[in-house]
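Source file: protein03.txt. Holds: compact mmCIF, N, CA, C and O atoms.
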# COMPACT_ATOMS: atom_id res chain seq x y z
N MET A 1 -15.50 15.89 24.57
CA MET A 1 -15.53 15.57 23.16
C MET A 1 -14.88 14.22 22.89
O MET A 1 -15.29 13.53 21.99
N GLU A 2 -13.87 13.87 23.65
CA GLU A 2 -13.20 12.59 23.44
C GLU A 2 -14.15 11.43 23.76
O GLU A 2 -14.12 10.40 23.10
N TYR A 3 -15.00 11.62 24.76
CA TYR A 3 -15.97 10.57 25.12
C TYR A 3 -16.89 10.27 23.95
O TYR A 3 -17.11 9.11 23.61
N THR A 4 -17.44 11.30 23.33
CA THR A 4 -18.35 11.08 22.20
C THR A 4 -17.60 10.58 20.98
O THR A 4 -18.16 9.83 20.18
N SER A 5 -16.35 10.96 20.83
CA SER A 5 -15.57 10.50 19.69
C SER A 5 -15.30 9.00 19.79
O SER A 5 -15.34 8.29 18.79
N LYS A 6 -15.04 8.52 20.98
CA LYS A 6 -14.75 7.10 21.17
C LYS A 6 -16.01 6.23 21.17
O LYS A 6 -15.96 5.06 20.86
N ARG A 7 -17.14 6.81 21.57
CA ARG A 7 -18.35 6.01 21.75
C ARG A 7 -19.51 6.52 20.90
O ARG A 7 -20.66 6.39 21.27
N GLY A 8 -19.22 7.07 19.75
CA GLY A 8 -20.24 7.65 18.90
C GLY A 8 -21.29 6.66 18.44
O GLY A 8 -22.49 6.95 18.40
N VAL A 9 -20.86 5.46 18.10
CA VAL A 9 -21.80 4.46 17.61
C VAL A 9 -22.75 4.02 18.72
O VAL A 9 -23.95 3.84 18.50
N ARG A 10 -22.23 3.88 19.92
CA ARG A 10 -23.09 3.48 21.04
C ARG A 10 -24.10 4.58 21.37
O ARG A 10 -25.26 4.29 21.68
N ILE A 11 -23.65 5.82 21.32
CA ILE A 11 -24.55 6.94 21.60
C ILE A 11 -25.63 7.02 20.52
O ILE A 11 -26.79 7.28 20.80
N TYR A 12 -25.25 6.79 19.27
CA TYR A 12 -26.20 6.81 18.16
C TYR A 12 -27.21 5.66 18.26
O TYR A 12 -28.38 5.81 17.90
N ALA A 13 -26.79 4.52 18.76
CA ALA A 13 -27.65 3.34 18.80
C ALA A 13 -28.84 3.51 19.74
O ALA A 13 -29.90 2.94 19.49
N VAL A 14 -28.69 4.30 20.78
CA VAL A 14 -29.79 4.47 21.74
C VAL A 14 -31.01 5.13 21.09
O VAL A 14 -32.10 4.55 21.11
N PRO A 15 -30.88 6.31 20.50
CA PRO A 15 -32.08 6.88 19.87
C PRO A 15 -32.55 6.08 18.66
O PRO A 15 -33.75 6.03 18.38
N ALA A 16 -31.62 5.43 17.96
CA ALA A 16 -32.04 4.62 16.81
C ALA A 16 -32.90 3.45 17.26
O ALA A 16 -33.83 3.05 16.56
N ALA A 17 -32.62 2.91 18.43
CA ALA A 17 -33.43 1.81 18.95
C ALA A 17 -34.74 2.30 19.55
O ALA A 17 -35.72 1.55 19.60
N LEU A 18 -34.77 3.55 20.00
CA LEU A 18 -35.98 4.07 20.64
C LEU A 18 -37.08 4.45 19.65
O LEU A 18 -38.25 4.44 20.02
N VAL A 19 -36.74 4.80 18.43
CA VAL A 19 -37.76 5.23 17.46
C VAL A 19 -38.79 4.12 17.22
O VAL A 19 -40.00 4.36 17.32
N PRO A 20 -38.40 2.89 16.92
CA PRO A 20 -39.42 1.85 16.75
C PRO A 20 -40.16 1.54 18.06
O PRO A 20 -41.35 1.22 18.04
N ALA A 21 -39.46 1.66 19.17
CA ALA A 21 -40.12 1.40 20.46
C ALA A 21 -41.20 2.44 20.73
O ALA A 21 -42.28 2.10 21.24
N VAL A 22 -40.94 3.69 20.38
CA VAL A 22 -41.95 4.74 20.55
C VAL A 22 -43.17 4.43 19.69
O VAL A 22 -44.31 4.59 20.13
N ALA A 23 -42.93 3.98 18.48
CA ALA A 23 -44.05 3.66 17.58
C ALA A 23 -44.89 2.51 18.14
O ALA A 23 -46.11 2.49 17.97
N LEU A 24 -44.25 1.56 18.78
CA LEU A 24 -45.00 0.43 19.34
C LEU A 24 -45.70 0.78 20.65
O LEU A 24 -46.83 0.36 20.89
N LEU A 25 -45.03 1.55 21.49
CA LEU A 25 -45.60 1.86 22.80
C LEU A 25 -46.68 2.94 22.74
O LEU A 25 -47.64 2.90 23.50
N TRP A 26 -46.50 3.90 21.85
CA TRP A 26 -47.47 4.98 21.72
C TRP A 26 -47.91 5.08 20.27
O TRP A 26 -47.37 5.86 19.48
N PRO A 27 -48.90 4.31 19.88
CA PRO A 27 -49.32 4.29 18.47
C PRO A 27 -49.96 5.60 18.01
O PRO A 27 -50.14 5.81 16.82
N ASP A 28 -50.27 6.50 18.93
CA ASP A 28 -50.89 7.76 18.55
C ASP A 28 -49.88 8.83 18.14
O ASP A 28 -50.28 9.93 17.77
N VAL A 29 -48.61 8.52 18.21
CA VAL A 29 -47.59 9.47 17.79
C VAL A 29 -47.73 9.66 16.28
O VAL A 29 -47.84 8.69 15.54
N PRO A 30 -47.76 10.90 15.81
CA PRO A 30 -47.95 11.14 14.38
C PRO A 30 -46.83 10.52 13.55
O PRO A 30 -45.65 10.55 13.94
N TRP A 31 -47.20 9.97 12.41
CA TRP A 31 -46.21 9.30 11.56
C TRP A 31 -45.21 10.30 11.02
O TRP A 31 -44.07 9.93 10.73
N GLU A 32 -45.58 11.56 10.89
CA GLU A 32 -44.64 12.58 10.41
C GLU A 32 -43.48 12.75 11.39
O GLU A 32 -42.34 12.96 10.98
N ALA A 33 -43.79 12.69 12.67
CA ALA A 33 -42.74 12.82 13.69
C ALA A 33 -41.79 11.63 13.62
O ALA A 33 -40.56 11.79 13.72
N LEU A 34 -42.35 10.44 13.45
CA LEU A 34 -41.49 9.25 13.34
C LEU A 34 -40.66 9.28 12.06
O LEU A 34 -39.49 8.89 12.07
N LEU A 35 -41.27 9.75 10.98
CA LEU A 35 -40.54 9.83 9.72
C LEU A 35 -39.39 10.84 9.81
O LEU A 35 -38.28 10.55 9.35
N SER A 36 -39.65 11.99 10.41
CA SER A 36 -38.58 12.98 10.52
C SER A 36 -37.48 12.51 11.47
O SER A 36 -36.29 12.75 11.22
N ALA A 37 -37.86 11.82 12.54
CA ALA A 37 -36.84 11.28 13.46
C ALA A 37 -36.01 10.21 12.76
O ALA A 37 -34.78 10.16 12.92
N SER A 38 -36.66 9.38 11.97
CA SER A 38 -35.92 8.34 11.23
C SER A 38 -34.98 8.96 10.21
O SER A 38 -33.84 8.50 10.05
N ALA A 39 -35.44 10.00 9.51
CA ALA A 39 -34.57 10.66 8.52
C ALA A 39 -33.38 11.32 9.20
O ALA A 39 -32.25 11.25 8.70
N ALA A 40 -33.62 11.95 10.33
CA ALA A 40 -32.51 12.57 11.07
C ALA A 40 -31.52 11.51 11.54
O ALA A 40 -30.30 11.72 11.47
N LEU A 41 -32.03 10.38 12.00
CA LEU A 41 -31.13 9.31 12.46
C LEU A 41 -30.33 8.72 11.30
O LEU A 41 -29.17 8.34 11.48
N LEU A 42 -30.92 8.65 10.11
CA LEU A 42 -30.15 8.17 8.96
C LEU A 42 -29.00 9.13 8.64
O LEU A 42 -27.89 8.70 8.34
N GLY A 43 -29.28 10.42 8.71
CA GLY A 43 -28.21 11.40 8.48
C GLY A 43 -27.12 11.32 9.51
O GLY A 43 -25.93 11.37 9.19
N VAL A 44 -27.51 11.18 10.76
CA VAL A 44 -26.52 11.06 11.84
C VAL A 44 -25.74 9.75 11.68
O VAL A 44 -24.54 9.71 11.94
N GLY A 45 -26.40 8.71 11.23
CA GLY A 45 -25.73 7.43 11.02
C GLY A 45 -24.63 7.53 9.99
O GLY A 45 -23.56 6.92 10.12
N VAL A 46 -24.86 8.31 8.94
CA VAL A 46 -23.83 8.51 7.92
C VAL A 46 -22.63 9.23 8.51
O VAL A 46 -21.48 8.88 8.25
N VAL A 47 -22.89 10.24 9.33
CA VAL A 47 -21.80 10.98 9.97
C VAL A 47 -21.01 10.08 10.92
O VAL A 47 -19.77 10.10 10.94
N VAL A 48 -21.71 9.28 11.69
CA VAL A 48 -21.04 8.36 12.63
C VAL A 48 -20.19 7.35 11.87
O VAL A 48 -19.05 7.07 12.23
N ALA A 49 -20.73 6.79 10.79
CA ALA A 49 -19.98 5.81 10.00
C ALA A 49 -18.74 6.45 9.38
O ALA A 49 -17.66 5.84 9.35
N SER A 50 -18.88 7.67 8.90
CA SER A 50 -17.74 8.38 8.32
C SER A 50 -16.66 8.63 9.36
O SER A 50 -15.46 8.49 9.09
N HIS A 51 -17.07 8.99 10.57
CA HIS A 51 -16.10 9.22 11.66
C HIS A 51 -15.38 7.92 12.01
O HIS A 51 -14.16 7.91 12.22
N GLU A 52 -16.12 6.82 12.07
CA GLU A 52 -15.49 5.53 12.36
C GLU A 52 -14.51 5.13 11.26
O GLU A 52 -13.44 4.59 11.54
N ASP A 53 -14.86 5.41 10.00
CA ASP A 53 -13.95 5.12 8.90
C ASP A 53 -12.66 5.94 9.02
O ASP A 53 -11.57 5.44 8.76
N THR A 54 -12.80 7.20 9.41
CA THR A 54 -11.63 8.06 9.59
C THR A 54 -10.72 7.52 10.69
O THR A 54 -9.50 7.49 10.54
N LYS A 55 -11.32 7.07 11.79
CA LYS A 55 -10.51 6.50 12.88
C LYS A 55 -9.79 5.24 12.42
O LYS A 55 -8.63 5.01 12.76
N THR A 56 -10.46 4.43 11.59
CA THR A 56 -9.84 3.20 11.09
C THR A 56 -8.67 3.52 10.17
O THR A 56 -7.60 2.90 10.27
N ILE A 57 -8.87 4.49 9.28
CA ILE A 57 -7.78 4.86 8.36
C ILE A 57 -6.59 5.41 9.13
O ILE A 57 -5.43 5.08 8.83
N LYS A 58 -6.82 6.23 10.15
CA LYS A 58 -5.72 6.74 10.97
C LYS A 58 -4.98 5.60 11.66
O LYS A 58 -3.76 5.60 11.76
N ALA A 59 -5.72 4.62 12.15
CA ALA A 59 -5.10 3.50 12.85
C ALA A 59 -4.26 2.65 11.90
O ALA A 59 -3.26 2.06 12.32
N LEU A 60 -4.64 2.58 10.64
CA LEU A 60 -3.86 1.79 9.68
C LEU A 60 -2.49 2.38 9.43
O LEU A 60 -1.55 1.66 9.07
N TYR A 61 -2.35 3.69 9.59
CA TYR A 61 -1.08 4.34 9.34
C TYR A 61 -0.21 4.48 10.58
O TYR A 61 0.88 5.02 10.50
N GLU A 62 -0.67 4.01 11.72
CA GLU A 62 0.12 4.04 12.94
C GLU A 62 0.89 2.74 13.08
O GLU A 62 0.48 1.69 12.60
N ASP A 63 2.03 2.81 13.77
CA ASP A 63 2.79 1.60 14.04
C ASP A 63 2.06 0.75 15.06
O ASP A 63 1.39 1.26 15.96
N SER A 64 2.19 -0.54 14.90
CA SER A 64 1.54 -1.46 15.81
C SER A 64 2.23 -1.43 17.18
O SER A 64 3.46 -1.43 17.26
N PRO A 65 1.44 -1.42 18.26
CA PRO A 65 2.07 -1.48 19.58
C PRO A 65 2.70 -2.84 19.86
O PRO A 65 3.47 -2.98 20.79
N PHE A 66 2.39 -3.84 19.04
CA PHE A 66 2.91 -5.19 19.24
C PHE A 66 4.07 -5.52 18.33
O PHE A 66 4.55 -6.64 18.30
N GLU A 67 4.53 -4.55 17.55
CA GLU A 67 5.61 -4.81 16.62
C GLU A 67 6.89 -5.15 17.37
O GLU A 67 7.25 -4.53 18.36
N GLY A 68 7.58 -6.17 16.90
CA GLY A 68 8.82 -6.57 17.53
C GLY A 68 8.65 -7.62 18.61
O GLY A 68 9.61 -8.02 19.25
N GLU A 69 7.44 -8.08 18.82
CA GLU A 69 7.22 -9.11 19.83
C GLU A 69 7.44 -10.49 19.23
O GLU A 69 7.74 -10.63 18.05
N ALA A 70 7.27 -11.51 20.01
CA ALA A 70 7.57 -12.88 19.60
C ALA A 70 6.77 -13.33 18.39
O ALA A 70 7.22 -14.15 17.61
N GLY A 71 5.60 -12.79 18.19
CA GLY A 71 4.76 -13.19 17.06
C GLY A 71 5.34 -12.78 15.72
O GLY A 71 4.96 -13.31 14.68
N ASP A 72 6.28 -11.83 15.71
CA ASP A 72 6.88 -11.37 14.46
C ASP A 72 8.14 -12.14 14.09
O ASP A 72 8.73 -11.88 13.05
N ALA A 73 8.56 -13.07 14.93
CA ALA A 73 9.80 -13.80 14.67
C ALA A 73 9.62 -14.76 13.50
O ALA A 73 8.58 -15.36 13.32
N LYS A 74 10.67 -14.88 12.70
CA LYS A 74 10.64 -15.81 11.57
C LYS A 74 10.95 -17.22 12.06
O LYS A 74 11.72 -17.42 12.99
N PRO A 75 10.36 -18.21 11.40
CA PRO A 75 10.65 -19.60 11.81
C PRO A 75 12.09 -19.99 11.43
O PRO A 75 12.70 -19.39 10.57
N ASN A 76 12.57 -21.02 12.09
CA ASN A 76 13.93 -21.53 11.82
C ASN A 76 13.86 -22.44 10.60
O ASN A 76 13.92 -23.66 10.69
N ASP A 77 13.75 -21.83 9.44
CA ASP A 77 13.64 -22.58 8.20
C ASP A 77 14.55 -21.91 7.19
O ASP A 77 14.48 -20.72 6.94
N SER A 78 15.43 -22.70 6.58
CA SER A 78 16.38 -22.12 5.64
C SER A 78 15.69 -21.65 4.35
O SER A 78 16.25 -20.85 3.62
N ASN A 79 14.49 -22.12 4.08
CA ASN A 79 13.76 -21.70 2.89
C ASN A 79 12.94 -20.44 3.11
O ASN A 79 12.32 -19.92 2.21
N TRP A 80 12.92 -19.95 4.35
CA TRP A 80 12.14 -18.75 4.68
C TRP A 80 12.85 -17.53 4.08
O TRP A 80 14.05 -17.37 4.24
N PRO A 81 12.13 -16.64 3.42
CA PRO A 81 12.80 -15.50 2.76
C PRO A 81 13.41 -14.51 3.72
O PRO A 81 13.08 -14.28 4.78
Represent the structure from my file as structure tokens, please.
Amino acid sequence: MEYTSKRGVRIYAVPAALVPAVALLWPDVPWEALLSASAALLGVGVVVASHEDTKTIKALYEDSPFEGEAGDAKPNDSNWP
């Protein structure tokens, strides 16, 4: 489950890229099948985007692993707050 959680967008991109390729390679595929596959992929895309948003929000509330390093030092300026 962790594998799919970390790579959900990449896993989603494969079938999303294959739907137009199927339409080009096999023009005899019924349009209803392509339409239903596209609708399903749109629904899955919303779920994937929501999951990515959740991961981003969780990361915003975590402490930075780089906190306290040299990049956080204040300059030697008496006017610096």
Please provide as a PDB file with N, CA, C and O atoms, in the coordinates of the input all residues within 10 Å of Ala16 of chain A, with the sequence filter that same-chain residues fewer than 2 positions apart are discarded (counting only C-alpha atoms).
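Listing of part_7.pdb after writing:
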ATOM      1  N   ARG A  10     -22.230   3.880  19.920  1.00  0.00           N
ATOM      2  CA  ARG A  10     -23.090   3.480  21.040  1.00  0.00           C
ATOM      3  C   ARG A  10     -24.100   4.580  21.370  1.00  0.00           C
ATOM      4  O   ARG A  10     -25.260   4.290  21.680  1.00  0.00           O
ATOM      5  N   ILE A  11     -23.650   5.820  21.320  1.00  0.00           N
ATOM      6  CA  ILE A  11     -24.550   6.940  21.600  1.00  0.00           C
ATOM      7  C   ILE A  11     -25.630   7.020  20.520  1.00  0.00           C
ATOM      8  O   ILE A  11     -26.790   7.280  20.800  1.00  0.00           O
ATOM      9  N   TYR A  12     -25.250   6.790  19.270  1.00  0.00           N
ATOM     10  CA  TYR A  12     -26.200   6.810  18.160  1.00  0.00           C
ATOM     11  C   TYR A  12     -27.210   5.660  18.260  1.00  0.00           C
ATOM     12  O   TYR A  12     -28.380   5.810  17.900  1.00  0.00           O
ATOM     13  N   ALA A  13     -26.790   4.520  18.760  1.00  0.00           N
ATOM     14  CA  ALA A  13     -27.650   3.340  18.800  1.00  0.00           C
ATOM     15  C   ALA A  13     -28.840   3.510  19.740  1.00  0.00           C
ATOM     16  O   ALA A  13     -29.900   2.940  19.490  1.00  0.00           O
ATOM     17  N   VAL A  14     -28.690   4.300  20.780  1.00  0.00           N
ATOM     18  CA  VAL A  14     -29.790   4.470  21.740  1.00  0.00           C
ATOM     19  C   VAL A  14     -31.010   5.130  21.090  1.00  0.00           C
ATOM     20  O   VAL A  14     -32.100   4.550  21.110  1.00  0.00           O
ATOM     21  N   LEU A  18     -34.770   3.550  20.000  1.00  0.00           N
ATOM     22  CA  LEU A  18     -35.980   4.070  20.640  1.00  0.00           C
ATOM     23  C   LEU A  18     -37.080   4.450  19.650  1.00  0.00           C
ATOM     24  O   LEU A  18     -38.250   4.440  20.020  1.00  0.00           O
ATOM     25  N   VAL A  19     -36.740   4.800  18.430  1.00  0.00           N
ATOM     26  CA  VAL A  19     -37.760   5.230  17.460  1.00  0.00           C
ATOM     27  C   VAL A  19     -38.790   4.120  17.220  1.00  0.00           C
ATOM     28  O   VAL A  19     -40.000   4.360  17.320  1.00  0.00           O
ATOM     29  N   PRO A  20     -38.400   2.890  16.920  1.00  0.00           N
ATOM     30  CA  PRO A  20     -39.420   1.850  16.750  1.00  0.00           C
ATOM     31  C   PRO A  20     -40.160   1.540  18.060  1.00  0.00           C
ATOM     32  O   PRO A  20     -41.350   1.220  18.040  1.00  0.00           O
ATOM     33  N   ALA A  21     -39.460   1.660  19.170  1.00  0.00           N
ATOM     34  CA  ALA A  21     -40.120   1.400  20.460  1.00  0.00           C
ATOM     35  C   ALA A  21     -41.200   2.440  20.730  1.00  0.00           C
ATOM     36  O   ALA A  21     -42.280   2.100  21.240  1.00  0.00           O
ATOM     37  N   ALA A  37     -37.860  11.820  12.540  1.00  0.00           N
ATOM     38  CA  ALA A  37     -36.840  11.280  13.460  1.00  0.00           C
ATOM     39  C   ALA A  37     -36.010  10.210  12.760  1.00  0.00           C
ATOM     40  O   ALA A  37     -34.780  10.160  12.920  1.00  0.00           O
ATOM     41  N   SER A  38     -36.660   9.380  11.970  1.00  0.00           N
ATOM     42  CA  SER A  38     -35.920   8.340  11.230  1.00  0.00           C
ATOM     43  C   SER A  38     -34.980   8.960  10.210  1.00  0.00           C
ATOM     44  O   SER A  38     -33.840   8.500  10.050  1.00  0.00           O
ATOM     45  N   ALA A  40     -33.620  11.950  10.330  1.00  0.00           N
ATOM     46  CA  ALA A  40     -32.510  12.570  11.070  1.00  0.00           C
ATOM     47  C   ALA A  40     -31.520  11.510  11.540  1.00  0.00           C
ATOM     48  O   ALA A  40     -30.300  11.720  11.470  1.00  0.00           O
ATOM     49  N   LEU A  41     -32.030  10.380  12.000  1.00  0.00           N
ATOM     50  CA  LEU A  41     -31.130   9.310  12.460  1.00  0.00           C
ATOM     51  C   LEU A  41     -30.330   8.720  11.300  1.00  0.00           C
ATOM     52  O   LEU A  41     -29.170   8.340  11.480  1.00  0.00           O
ATOM     53  N   LEU A  42     -30.920   8.650  10.110  1.00  0.00           N
ATOM     54  CA  LEU A  42     -30.150   8.170   8.960  1.00  0.00           C
ATOM     55  C   LEU A  42     -29.000   9.130   8.640  1.00  0.00           C
ATOM     56  O   LEU A  42     -27.890   8.700   8.340  1.00  0.00           O
ATOM     57  N   VAL A  44     -27.510  11.180  10.760  1.00  0.00           N
ATOM     58  CA  VAL A  44     -26.520  11.060  11.840  1.00  0.00           C
ATOM     59  C   VAL A  44     -25.740   9.750  11.680  1.00  0.00           C
ATOM     60  O   VAL A  44     -24.540   9.710  11.940  1.00  0.00           O
ATOM     61  N   GLY A  45     -26.400   8.710  11.230  1.00  0.00           N
ATOM     62  CA  GLY A  45     -25.730   7.430  11.020  1.00  0.00           C
ATOM     63  C   GLY A  45     -24.630   7.530   9.990  1.00  0.00           C
ATOM     64  O   GLY A  45     -23.560   6.920  10.120  1.00  0.00           O
TER      65      GLY A  45
END
Exercise for the section: Kindly give the distance, in Å, that separates atom CA of Ile57 of chain A and atom C of Gly43 of chain A, rounded to a single decimal. Expected result: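 So the answer is 20.4 Å.
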Any chance you could work out the axis-aligned box around segment 52-60 of chain A, listed atoms only, 6 Å on each side, giving centre and edge lengths in Å to one decimal, as AutoDock Vina command-line options?
--center_x -8.8 --center_y 4.9 --center_z 10.6 --size_x 26.6 --size_y 18.4 --size_z 16.5
Exercise for the section: as a ChimeraX atom specification, list the residues of chain A assigned to alpha helix (DSSP H) by DSSP on the backbone atoms of this structure. Expected result: /A:2-6,8-25,31-60
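For the pair atom C of Arg7 of chain A and atom C of Thr56 of chain A, the separation is 15.5 Å.
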